[in-house]
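Peer 1: Input structure: data11.cif, which contains mmCIF, N, CA and C atoms.
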```
data_target
#
loop_
_atom_site.label_atom_id
_atom_site.label_comp_id
_atom_site.auth_asym_id
_atom_site.auth_seq_id
_atom_site.Cartn_x
_atom_site.Cartn_y
_atom_site.Cartn_z
N MET O 26 121.42 -155.05 113.62
CA MET O 26 122.72 -154.77 113.05
C MET O 26 123.58 -156.02 113.20
N THR O 27 124.29 -156.36 112.14
CA THR O 27 125.14 -157.54 112.20
C THR O 27 126.48 -157.18 112.85
N PRO O 28 127.19 -158.16 113.38
CA PRO O 28 128.51 -157.89 113.96
C PRO O 28 129.47 -157.25 112.95
N LYS O 29 129.34 -157.64 111.70
CA LYS O 29 130.20 -157.08 110.65
C LYS O 29 129.96 -155.57 110.49
N ILE O 30 128.69 -155.17 110.49
CA ILE O 30 128.36 -153.74 110.38
C ILE O 30 128.79 -153.01 111.63
N ASP O 31 128.56 -153.61 112.77
CA ASP O 31 128.96 -152.99 114.05
C ASP O 31 130.47 -152.74 114.07
N ARG O 32 131.24 -153.72 113.62
CA ARG O 32 132.70 -153.59 113.56
C ARG O 32 133.11 -152.48 112.58
N PHE O 33 132.47 -152.45 111.41
CA PHE O 33 132.77 -151.43 110.40
C PHE O 33 132.53 -150.03 110.97
N LEU O 34 131.38 -149.83 111.60
CA LEU O 34 131.06 -148.51 112.15
C LEU O 34 132.02 -148.12 113.27
N ALA O 35 132.43 -149.08 114.07
CA ALA O 35 133.38 -148.79 115.16
C ALA O 35 134.75 -148.39 114.60
N GLU O 36 135.17 -149.07 113.53
CA GLU O 36 136.49 -148.77 112.94
C GLU O 36 136.49 -147.49 112.13
N LYS O 37 135.45 -147.27 111.34
CA LYS O 37 135.41 -146.12 110.43
C LYS O 37 134.84 -144.86 111.08
N ASN O 38 133.94 -145.03 112.03
CA ASN O 38 133.32 -143.92 112.74
C ASN O 38 132.91 -142.79 111.79
N PRO O 39 131.98 -143.07 110.86
CA PRO O 39 131.59 -142.04 109.89
C PRO O 39 131.03 -140.79 110.57
N LEU O 40 131.40 -139.64 110.04
CA LEU O 40 130.99 -138.37 110.63
C LEU O 40 129.62 -137.91 110.15
N THR O 41 129.16 -138.46 109.05
CA THR O 41 127.85 -138.07 108.51
C THR O 41 126.98 -139.31 108.36
N PRO O 42 125.69 -139.10 108.24
CA PRO O 42 124.82 -140.26 108.03
C PRO O 42 125.23 -141.01 106.76
N CYS O 43 125.13 -142.32 106.82
CA CYS O 43 125.50 -143.12 105.66
C CYS O 43 124.72 -144.43 105.70
N LEU O 44 124.69 -145.08 104.56
CA LEU O 44 124.05 -146.39 104.44
C LEU O 44 125.13 -147.45 104.48
N VAL O 45 124.98 -148.41 105.37
CA VAL O 45 125.94 -149.50 105.48
C VAL O 45 125.18 -150.80 105.34
N LEU O 46 125.58 -151.60 104.37
CA LEU O 46 124.95 -152.89 104.13
C LEU O 46 125.96 -154.01 104.33
N ASP O 47 125.48 -155.12 104.83
CA ASP O 47 126.30 -156.32 104.93
C ASP O 47 125.98 -157.17 103.70
N LEU O 48 126.94 -157.32 102.81
CA LEU O 48 126.71 -158.07 101.57
C LEU O 48 126.38 -159.53 101.84
N ASP O 49 126.82 -160.06 102.97
CA ASP O 49 126.44 -161.42 103.33
C ASP O 49 124.93 -161.51 103.58
N VAL O 50 124.35 -160.45 104.14
CA VAL O 50 122.90 -160.42 104.38
C VAL O 50 122.17 -160.27 103.05
N VAL O 51 122.69 -159.43 102.15
CA VAL O 51 122.10 -159.29 100.82
C VAL O 51 122.06 -160.65 100.13
N GLN O 52 123.16 -161.37 100.17
CA GLN O 52 123.24 -162.69 99.55
C GLN O 52 122.28 -163.67 100.22
N ALA O 53 122.26 -163.68 101.53
CA ALA O 53 121.38 -164.61 102.26
C ALA O 53 119.91 -164.32 101.96
N ASN O 54 119.56 -163.04 101.86
CA ASN O 54 118.16 -162.68 101.55
C ASN O 54 117.79 -163.13 100.14
N TYR O 55 118.71 -162.96 99.19
CA TYR O 55 118.45 -163.41 97.82
C TYR O 55 118.25 -164.93 97.81
N GLU O 56 119.15 -165.63 98.47
CA GLU O 56 119.08 -167.09 98.49
C GLU O 56 117.81 -167.59 99.17
N ARG O 57 117.37 -166.90 100.21
CA ARG O 57 116.13 -167.28 100.89
C ARG O 57 114.93 -167.06 99.98
N LEU O 58 114.90 -165.94 99.26
CA LEU O 58 113.81 -165.67 98.33
C LEU O 58 113.82 -166.68 97.19
N LYS O 59 114.99 -166.98 96.65
CA LYS O 59 115.10 -167.96 95.56
C LYS O 59 114.66 -169.34 96.02
N SER O 60 114.99 -169.67 97.23
CA SER O 60 114.59 -170.97 97.79
C SER O 60 113.06 -171.05 97.96
N ALA O 61 112.46 -169.94 98.35
CA ALA O 61 111.01 -169.91 98.55
C ALA O 61 110.25 -169.91 97.22
N LEU O 62 110.90 -169.40 96.15
CA LEU O 62 110.27 -169.31 94.84
C LEU O 62 111.20 -169.94 93.80
N PRO O 63 111.40 -171.25 93.86
CA PRO O 63 112.41 -171.90 93.02
C PRO O 63 112.18 -171.79 91.51
N LEU O 64 110.94 -171.59 91.09
CA LEU O 64 110.66 -171.50 89.65
C LEU O 64 110.74 -170.07 89.12
N ALA O 65 110.88 -169.10 90.02
CA ALA O 65 110.90 -167.70 89.61
C ALA O 65 112.31 -167.23 89.26
N ASP O 66 112.38 -166.35 88.28
CA ASP O 66 113.62 -165.62 88.02
C ASP O 66 113.57 -164.37 88.88
N ILE O 67 114.54 -164.20 89.75
CA ILE O 67 114.55 -163.07 90.68
C ILE O 67 115.32 -161.91 90.03
N TYR O 68 114.65 -160.75 89.95
CA TYR O 68 115.25 -159.55 89.37
C TYR O 68 115.52 -158.53 90.46
N TYR O 69 116.70 -157.95 90.45
CA TYR O 69 117.04 -156.87 91.36
C TYR O 69 116.86 -155.55 90.62
N ALA O 70 116.08 -154.63 91.19
CA ALA O 70 115.89 -153.31 90.59
C ALA O 70 117.12 -152.47 90.88
N VAL O 71 117.93 -152.24 89.88
CA VAL O 71 119.18 -151.50 90.04
C VAL O 71 118.90 -150.11 90.60
N LYS O 72 117.76 -149.54 90.24
CA LYS O 72 117.39 -148.21 90.72
C LYS O 72 117.35 -148.15 92.26
N ALA O 73 117.00 -149.28 92.90
CA ALA O 73 116.88 -149.31 94.36
C ALA O 73 118.20 -148.98 95.04
N ASN O 74 119.28 -149.48 94.51
CA ASN O 74 120.62 -149.17 95.03
C ASN O 74 121.62 -149.67 94.00
N PRO O 75 122.20 -148.76 93.20
CA PRO O 75 123.09 -149.18 92.12
C PRO O 75 124.55 -149.39 92.56
N ALA O 76 124.78 -149.58 93.84
CA ALA O 76 126.15 -149.77 94.31
C ALA O 76 126.78 -150.97 93.60
N PRO O 77 127.97 -150.79 93.03
CA PRO O 77 128.63 -151.88 92.31
C PRO O 77 128.79 -153.15 93.15
N GLU O 78 129.03 -153.00 94.43
CA GLU O 78 129.24 -154.15 95.30
C GLU O 78 127.98 -155.02 95.37
N ILE O 79 126.82 -154.38 95.38
CA ILE O 79 125.56 -155.13 95.42
C ILE O 79 125.33 -155.84 94.10
N ILE O 80 125.53 -155.13 92.99
CA ILE O 80 125.34 -155.72 91.67
C ILE O 80 126.29 -156.90 91.49
N GLU O 81 127.55 -156.74 91.88
CA GLU O 81 128.53 -157.82 91.74
C GLU O 81 128.15 -159.03 92.59
N THR O 82 127.72 -158.78 93.82
CA THR O 82 127.33 -159.87 94.71
C THR O 82 126.16 -160.65 94.13
N LEU O 83 125.13 -159.94 93.70
CA LEU O 83 123.94 -160.60 93.16
C LEU O 83 124.22 -161.26 91.82
N ASN O 84 125.04 -160.64 91.01
CA ASN O 84 125.40 -161.24 89.72
C ASN O 84 126.15 -162.55 89.94
N GLY O 85 126.98 -162.58 90.96
CA GLY O 85 127.77 -163.77 91.26
C GLY O 85 126.95 -164.96 91.72
N ILE O 86 125.72 -164.71 92.17
CA ILE O 86 124.88 -165.82 92.64
C ILE O 86 123.67 -166.05 91.73
N GLY O 87 123.69 -165.44 90.55
CA GLY O 87 122.68 -165.76 89.56
C GLY O 87 121.47 -164.87 89.46
N SER O 88 121.50 -163.71 90.08
CA SER O 88 120.37 -162.80 89.99
C SER O 88 120.25 -162.22 88.59
N TYR O 89 119.05 -161.83 88.24
CA TYR O 89 118.79 -161.04 87.05
C TYR O 89 118.63 -159.59 87.50
N PHE O 90 118.63 -158.68 86.55
CA PHE O 90 118.59 -157.26 86.90
C PHE O 90 117.57 -156.50 86.07
N ASP O 91 116.92 -155.56 86.72
CA ASP O 91 115.99 -154.65 86.07
C ASP O 91 116.70 -153.30 86.00
N ALA O 92 117.07 -152.91 84.80
CA ALA O 92 117.78 -151.65 84.59
C ALA O 92 116.98 -150.82 83.60
N ALA O 93 116.64 -149.57 83.97
CA ALA O 93 115.78 -148.76 83.12
C ALA O 93 116.48 -147.55 82.51
N SER O 94 117.43 -146.97 83.20
CA SER O 94 118.10 -145.77 82.68
C SER O 94 119.42 -146.15 82.02
N THR O 95 119.96 -145.24 81.25
CA THR O 95 121.26 -145.51 80.61
C THR O 95 122.33 -145.74 81.67
N TYR O 96 122.26 -145.02 82.78
CA TYR O 96 123.24 -145.22 83.86
C TYR O 96 123.13 -146.64 84.42
N GLU O 97 121.92 -147.10 84.66
CA GLU O 97 121.72 -148.44 85.21
C GLU O 97 122.19 -149.51 84.22
N ILE O 98 121.85 -149.32 82.96
CA ILE O 98 122.26 -150.26 81.92
C ILE O 98 123.79 -150.33 81.85
N ASP O 99 124.43 -149.16 81.77
CA ASP O 99 125.89 -149.12 81.69
C ASP O 99 126.54 -149.72 82.92
N SER O 100 125.97 -149.47 84.09
CA SER O 100 126.51 -150.04 85.33
C SER O 100 126.51 -151.56 85.26
N CYS O 101 125.41 -152.13 84.80
CA CYS O 101 125.31 -153.59 84.67
C CYS O 101 126.33 -154.11 83.67
N ILE O 102 126.41 -153.49 82.52
CA ILE O 102 127.34 -153.94 81.49
C ILE O 102 128.78 -153.85 81.99
N ASP O 103 129.12 -152.72 82.61
CA ASP O 103 130.49 -152.53 83.12
C ASP O 103 130.87 -153.56 84.16
N LEU O 104 129.88 -154.09 84.88
CA LEU O 104 130.15 -155.07 85.94
C LEU O 104 130.00 -156.51 85.46
N GLY O 105 129.80 -156.69 84.14
CA GLY O 105 129.77 -158.03 83.59
C GLY O 105 128.45 -158.76 83.72
N VAL O 106 127.38 -158.02 83.95
CA VAL O 106 126.07 -158.67 84.04
C VAL O 106 125.72 -159.24 82.67
N VAL O 107 125.37 -160.51 82.65
CA VAL O 107 125.06 -161.20 81.40
C VAL O 107 123.63 -160.92 80.97
N PHE O 108 122.69 -160.92 81.92
CA PHE O 108 121.31 -160.71 81.54
C PHE O 108 120.66 -159.68 82.45
N ALA O 109 120.12 -158.66 81.82
CA ALA O 109 119.33 -157.67 82.54
C ALA O 109 118.13 -157.32 81.68
N PHE O 110 117.06 -156.99 82.33
CA PHE O 110 115.84 -156.61 81.64
C PHE O 110 115.86 -155.10 81.48
N TYR O 111 116.03 -154.64 80.28
CA TYR O 111 116.19 -153.21 80.02
C TYR O 111 114.92 -152.51 79.56
N LEU O 112 113.92 -153.25 79.14
CA LEU O 112 112.76 -152.63 78.50
C LEU O 112 111.54 -152.58 79.41
N ARG O 113 111.66 -151.94 80.52
CA ARG O 113 110.47 -151.71 81.32
C ARG O 113 110.01 -150.29 81.04
N LEU O 114 109.13 -149.76 81.81
CA LEU O 114 108.69 -148.39 81.58
C LEU O 114 109.86 -147.44 81.84
N CYS O 115 110.42 -146.93 80.79
CA CYS O 115 111.58 -146.06 80.90
C CYS O 115 111.14 -144.65 81.28
N SER O 116 111.98 -144.00 82.05
CA SER O 116 111.68 -142.63 82.47
C SER O 116 111.71 -141.67 81.29
N PHE O 117 112.65 -141.89 80.39
CA PHE O 117 112.81 -141.00 79.25
C PHE O 117 112.88 -141.84 77.98
N PRO O 118 112.26 -141.38 76.90
CA PRO O 118 112.31 -142.14 75.65
C PRO O 118 113.72 -142.47 75.19
N MET O 119 114.68 -141.58 75.45
CA MET O 119 116.06 -141.85 75.01
C MET O 119 116.63 -143.08 75.72
N HIS O 120 116.20 -143.35 76.96
CA HIS O 120 116.68 -144.53 77.67
C HIS O 120 116.15 -145.80 77.00
N CYS O 121 114.90 -145.76 76.54
CA CYS O 121 114.34 -146.92 75.82
C CYS O 121 115.08 -147.12 74.51
N SER O 122 115.34 -146.05 73.80
CA SER O 122 116.08 -146.14 72.54
C SER O 122 117.48 -146.70 72.76
N TYR O 123 118.11 -146.25 73.83
CA TYR O 123 119.46 -146.70 74.18
C TYR O 123 119.47 -148.20 74.41
N SER O 124 118.48 -148.69 75.16
CA SER O 124 118.44 -150.12 75.47
C SER O 124 118.19 -150.96 74.23
N LEU O 125 117.46 -150.44 73.28
CA LEU O 125 117.20 -151.18 72.04
C LEU O 125 118.45 -151.34 71.19
N CYS O 126 119.44 -150.48 71.39
CA CYS O 126 120.68 -150.54 70.62
C CYS O 126 121.65 -151.57 71.16
N LEU O 127 121.36 -152.16 72.31
CA LEU O 127 122.30 -153.11 72.92
C LEU O 127 122.21 -154.47 72.29
#
```
Have the structure of the file written as structure tokens, please.
Peer 2:
Amino acid sequence: MTPKIDRFLAEKNPLTPCLVLDLDVVQANYERLKSALPLADIYYAVKANPAPEIIETLNGIGSYFDAASTYEIDSCIDLGVVFAFYLRLCSFPMHCSYSLCL
């Protein structure tokens, strides 16, 4: 646990289980992966965690995004993502059709 997360939990004292991420760690992990694979385009699977804060952080440092559902696509667009890969194996045909209209 990072000091930032420790401080957050001490101040907020959540009453129920919750997920707490340090966006500095998210950024550092992305940068470490990009450094290890300099020729690769790194894609974040929005499905893994569609929190706007994560998408904004990764978008700000040049990540690409894998968005498969209409919700994921709209989330990326609403947050100003310039490039996302929308045409992977879609869960529902309507999601594939939706992505083709963009």
Peer 1: Let me make sure I understand: among O:Ile98, O:Pro63, O:Phe33, O:Leu104, which one has the smallest atom-to-atom distance to Ile80 (chain O) if we use all atoms listed in the file?
Peer 2: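 The closest residue to Ile80 (chain O) is O:Leu104.
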Peer 1: Mind pulling up the distance from atom N of Val71 (chain O) to atom N of Ala92 (chain O)?
Peer 2: 5.2 Å
Peer 1: Any idea what the distance is between CA of Leu46 (chain O) and CA of Glu78 (chain O)?
Peer 2: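 Computed distance, CA of Leu46 (chain O) to CA of Glu78 (chain O), equals 9.9 Å.
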Peer 1: Expressed in Å to a single decimal, how great is the separation between CA of Glu81 (chain O) and atom C of Asp103 (chain O)?
Peer 2: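 According to the coordinates, CA of Glu81 (chain O) and atom C of Asp103 (chain O) are separated by 9.0 Å.
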Peer 1: May I have the residues within 7 Å of region 50-55 of chain O as a list of chain:residue names, using all atoms listed in the file and disregarding those fewer than 4 positions away in the same chain?
Peer 2: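 Those residues are O:Leu46, O:Lys59, O:Ser60, O:Thr82, O:Leu83.
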Peer 1: DSSP on the backbone: which residues in chain O end up as strand (DSSP E)? Give the answer as a list in words.
Peer 2: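 Across chain O, those assigned strand (DSSP E) are Tyr68, Tyr69, Ala70, Tyr89, Phe90, Asp91, Ala109 and Phe110 of chain O.
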Peer 1: As an MDAnalysis selection string, please: all residues of chain O that backbone DSSP puts in alpha helix (DSSP H).
Peer 2: chainID O and resid 28:37 48:61 77:85 95:103 118:125
Peer 1: Which neighbours of Tyr89 (chain O) fall inside 5 Å, counting only N, CA and C atoms, when residues of the same chain fewer than 6 positions from it are skipped, and could you give them as a count of residues only?
Peer 2: 3
